[in-house]
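To start, the structure itself, in structure tokens.
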Amino acid sequence: MRVATINSYISSIRAFVNWSADKGYQESFPINKVKGQANKISYYSDEDIAKLLKKPKQSDGYCDWRTWAMCCFVLATGARAGTMVEIKLSDIDWKYREITYRHLKNKSIAIIPMSAMLVKTLREYTDLWTRDSDDGYLFCDGA
């Protein structure tokens, strides 16, 4: 667990302990934050990004196509992983180039525009790997 996360929890606990002490339920005691070295964030190299964004060959498998489509999707929309994996084919409006996010972190619904490049990418992916049914997920486990 990251130091910042632990310190966030400690702040919440400290607030409760102080409230309890103010009400006379317990005696106050100090709770110190954790000190630690920040984790070094690793980044993808330009070569790694180029590999991820390289369009798969027609003969490549489903996982290659799905990974490529997901990488392009994230770069084009900035969607969180939890939102992205819950998108169904019926959430895509090809005519108006929009995607409806029904599973956002804040439990709301949002309609997001798609760029022409994302439309092209998703069309290629869905034409190759999805069934005719609109009730399936865009990025499912298997074809």
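So you can find residues: chains in the structure tokens are A, B, ... in the order shown, residues in each start at 1, and ligands are numbered from 1 in order.
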Contacts of Thr67 in chain A within 10 Å, only C-alpha atoms, excl. fewer than 4 positions in-chain, as JSON, numbers by chain: {"A": [52, 53, 55, 56, 62, 63, 71, 72, 73, 139]}
Mind dumping the selected residues with all heavy atoms as an mmCIF file, in the first residue's frame?
data_model
loop_
_atom_site.group_PDB
_atom_site.id
_atom_site.type_symbol
_atom_site.label_atom_id
_atom_site.label_comp_id
_atom_site.auth_asym_id
_atom_site.auth_seq_id
_atom_site.Cartn_x
_atom_site.Cartn_y
_atom_site.Cartn_z
ATOM 1 N N LEU A 52 2.345 -1.013 -28.501
ATOM 2 C CA LEU A 52 0.955 -1.129 -28.066
ATOM 3 C C LEU A 52 -0.018 -0.563 -29.097
ATOM 4 O O LEU A 52 -1.126 -1.056 -29.252
ATOM 5 C CB LEU A 52 0.752 -0.402 -26.738
ATOM 6 C CG LEU A 52 1.302 -1.089 -25.504
ATOM 7 C CD1 LEU A 52 1.232 -0.144 -24.306
ATOM 8 C CD2 LEU A 52 0.543 -2.363 -25.209
ATOM 9 N N LEU A 53 0.408 0.479 -29.794
ATOM 10 C CA LEU A 53 -0.479 1.140 -30.743
ATOM 11 C C LEU A 53 -0.353 0.620 -32.168
ATOM 12 O O LEU A 53 -1.065 1.084 -33.063
ATOM 13 C CB LEU A 53 -0.248 2.648 -30.714
ATOM 14 C CG LEU A 53 -0.606 3.322 -29.387
ATOM 15 C CD1 LEU A 53 -0.299 4.796 -29.446
ATOM 16 C CD2 LEU A 53 -2.047 3.068 -29.020
ATOM 17 N N LYS A 55 -1.163 -1.499 -35.120
ATOM 18 C CA LYS A 55 -2.362 -2.231 -35.502
ATOM 19 C C LYS A 55 -2.011 -3.691 -35.776
ATOM 20 O O LYS A 55 -1.044 -3.985 -36.497
ATOM 21 C CB LYS A 55 -2.976 -1.598 -36.738
ATOM 22 C CG LYS A 55 -4.245 -2.253 -37.195
ATOM 23 C CD LYS A 55 -4.792 -1.529 -38.395
ATOM 24 C CE LYS A 55 -5.898 -2.310 -39.030
ATOM 25 N NZ LYS A 55 -6.385 -1.663 -40.241
ATOM 26 N N PRO A 56 -2.776 -4.629 -35.222
ATOM 27 C CA PRO A 56 -2.500 -6.050 -35.466
ATOM 28 C C PRO A 56 -2.770 -6.435 -36.916
ATOM 29 O O PRO A 56 -3.527 -5.773 -37.632
ATOM 30 C CB PRO A 56 -3.479 -6.777 -34.544
ATOM 31 C CG PRO A 56 -4.030 -5.751 -33.634
ATOM 32 C CD PRO A 56 -3.856 -4.425 -34.286
ATOM 33 N N TYR A 62 -7.507 -12.754 -31.226
ATOM 34 C CA TYR A 62 -8.438 -11.853 -30.561
ATOM 35 C C TYR A 62 -7.758 -10.986 -29.509
ATOM 36 O O TYR A 62 -8.004 -9.787 -29.433
ATOM 37 C CB TYR A 62 -9.582 -12.656 -29.925
ATOM 38 C CG TYR A 62 -10.460 -11.813 -29.054
ATOM 39 C CD1 TYR A 62 -11.339 -10.900 -29.623
ATOM 40 C CD2 TYR A 62 -10.392 -11.890 -27.667
ATOM 41 C CE1 TYR A 62 -12.132 -10.087 -28.829
ATOM 42 C CE2 TYR A 62 -11.190 -11.087 -26.871
ATOM 43 C CZ TYR A 62 -12.055 -10.188 -27.451
ATOM 44 O OH TYR A 62 -12.827 -9.383 -26.672
ATOM 45 N N CYS A 63 -6.886 -11.575 -28.692
ATOM 46 C CA CYS A 63 -6.240 -10.810 -27.609
ATOM 47 C C CYS A 63 -5.413 -9.647 -28.154
ATOM 48 O O CYS A 63 -5.389 -8.573 -27.562
ATOM 49 C CB CYS A 63 -5.377 -11.723 -26.746
ATOM 50 S SG CYS A 63 -6.378 -12.820 -25.719
ATOM 51 N N CYS A 71 -6.173 -0.003 -25.929
ATOM 52 C CA CYS A 71 -5.155 1.059 -25.811
ATOM 53 C C CYS A 71 -5.599 2.305 -26.567
ATOM 54 O O CYS A 71 -5.502 3.427 -26.048
ATOM 55 C CB CYS A 71 -3.806 0.571 -26.334
ATOM 56 S SG CYS A 71 -3.008 -0.636 -25.271
ATOM 57 N N CYS A 72 -6.102 2.124 -27.771
ATOM 58 C CA CYS A 72 -6.592 3.261 -28.555
ATOM 59 C C CYS A 72 -7.781 3.921 -27.861
ATOM 60 O O CYS A 72 -7.894 5.148 -27.837
ATOM 61 C CB CYS A 72 -6.987 2.807 -29.958
ATOM 62 S SG CYS A 72 -5.587 2.277 -30.969
ATOM 63 N N PHE A 73 -8.640 3.104 -27.270
ATOM 64 C CA PHE A 73 -9.819 3.622 -26.569
ATOM 65 C C PHE A 73 -9.418 4.487 -25.379
ATOM 66 O O PHE A 73 -9.924 5.592 -25.210
ATOM 67 C CB PHE A 73 -10.699 2.451 -26.112
ATOM 68 C CG PHE A 73 -12.020 2.876 -25.580
ATOM 69 C CD1 PHE A 73 -13.119 2.955 -26.419
ATOM 70 C CD2 PHE A 73 -12.185 3.191 -24.247
ATOM 71 C CE1 PHE A 73 -14.357 3.353 -25.934
ATOM 72 C CE2 PHE A 73 -13.411 3.582 -23.753
ATOM 73 C CZ PHE A 73 -14.500 3.666 -24.600
ATOM 74 N N PHE A 139 -15.489 -5.039 -24.875
ATOM 75 C CA PHE A 139 -14.213 -5.706 -24.610
ATOM 76 C C PHE A 139 -14.469 -6.920 -23.717
ATOM 77 O O PHE A 139 -14.307 -6.862 -22.507
ATOM 78 C CB PHE A 139 -13.237 -4.742 -23.937
ATOM 79 C CG PHE A 139 -12.938 -3.525 -24.758
ATOM 80 C CD1 PHE A 139 -13.355 -2.270 -24.354
ATOM 81 C CD2 PHE A 139 -12.252 -3.629 -25.961
ATOM 82 C CE1 PHE A 139 -13.071 -1.142 -25.097
ATOM 83 C CE2 PHE A 139 -11.980 -2.510 -26.723
ATOM 84 C CZ PHE A 139 -12.390 -1.264 -26.300
#
Strand (DSSP E or B) residues, from DSSP on the backbone, in chain A, as a VMD selection string: chain A and resid 88 92 to 93 98 to 101 110 to 113 137
Could you make a table, as a Markdown table, of the residues of range 27-126 of chain A that have an atom within 9 Å of an atom of range 3-22 of chain A, each with its nearest atom pair and distance in Å to one decimal, counting only C-alpha atoms, in chain and number order?
| residue | atom | partner | partner_atom | distance |
| --- | --- | --- | --- | --- |
| A:Glu27 | CA | A:Ala21 | CA | 5.2 |
| A:Ser28 | CA | A:Ala21 | CA | 5.1 |
| A:Phe29 | CA | A:Val17 | CA | 7.9 |
| A:Pro30 | CA | A:Arg14 | CA | 8.1 |
| A:Ile31 | CA | A:Arg14 | CA | 6.3 |
| A:Asn32 | CA | A:Ile10 | CA | 7.8 |
| A:Lys33 | CA | A:Asn7 | CA | 5.6 |
| A:Val34 | CA | A:Asn7 | CA | 6.2 |
| A:Lys35 | CA | A:Val3 | CA | 7.2 |
| A:Gly36 | CA | A:Val3 | CA | 6.2 |
| A:Gln37 | CA | A:Val3 | CA | 7.8 |
| A:Ala38 | CA | A:Val3 | CA | 7.2 |
| A:Asn39 | CA | A:Val3 | CA | 8.6 |
Atomic separation - CA of Arg102 in chain A relative to CA of Lys88 in chain A, Å: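 Calculated distance between CA of Lys88 in chain A and CA of Arg102 in chain A is 9.3 Å.
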Neighbouring residues of Leu138 in chain A were defined as those with any atom within 10 Å, considering only C-alpha atoms; residues of the same chain fewer than 3 positions away were excluded. Please report them as number ranges by chain. A: 66, 69-70, 84-92, 122, 125-126, 129-130, 134-135, 141
Filtered DSSP result for chain A, state helix (DSSP H, G or I), as an MDAnalysis selection string: chainID A and resid 3:22 46:53 62:77 81:84 89:91 116:129
Which residue, A:Ala116, A:Ala50, A:Ala79, A:Leu128, has the smallest gap to Tyr101 in chain A when you use only C-alpha atoms?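 Once distances to Tyr101 in chain A are computed over only C-alpha atoms, the minimum belongs to A:Ala79.
The nearest approach to Ile49 in chain A among the residues A:Lys23, A:Gly136, A:Gly61, A:Leu75, with only C-alpha atoms taken into account, belongs to A:Leu75.
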Nearby residues (only C-alpha atoms) at most 7 Å from Ile112 in chain A, same-chain spacing under 4 positions excluded, as number ranges by chain: A: 98-100
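Nearest residue to Met117 in chain A among A:Ser59, A:Ser45, A:Thr83, A:Thr77 is A:Thr77, counting only C-alpha atoms.
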Hey, what's within 6 Å of Arg97 in chain A if we count only C-alpha atoms and toss same-chain stuff fewer than 3 positions away? As a list in words, please? Asp93, Trp94, Pro113 and Met114 of chain A
Quick one: distance from CA of Lys105 in chain A to CA of Ile41 in chain A in Å, one decimal?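 About the pair CA of Lys105 in chain A and CA of Ile41 in chain A: they are 23.5 Å apart.
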Could you check which of A:Gln26, A:Ala76, A:Ser108, A:Lys51 is closest to Lys120 in chain A, using only C-alpha atoms?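 Smallest distance to Lys120 in chain A is found for A:Ala76.
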For CA of Gly82 in chain A and CA of Arg123 in chain A, determine how far apart the two atoms are, in Å to one decimal place. 21.7 Å
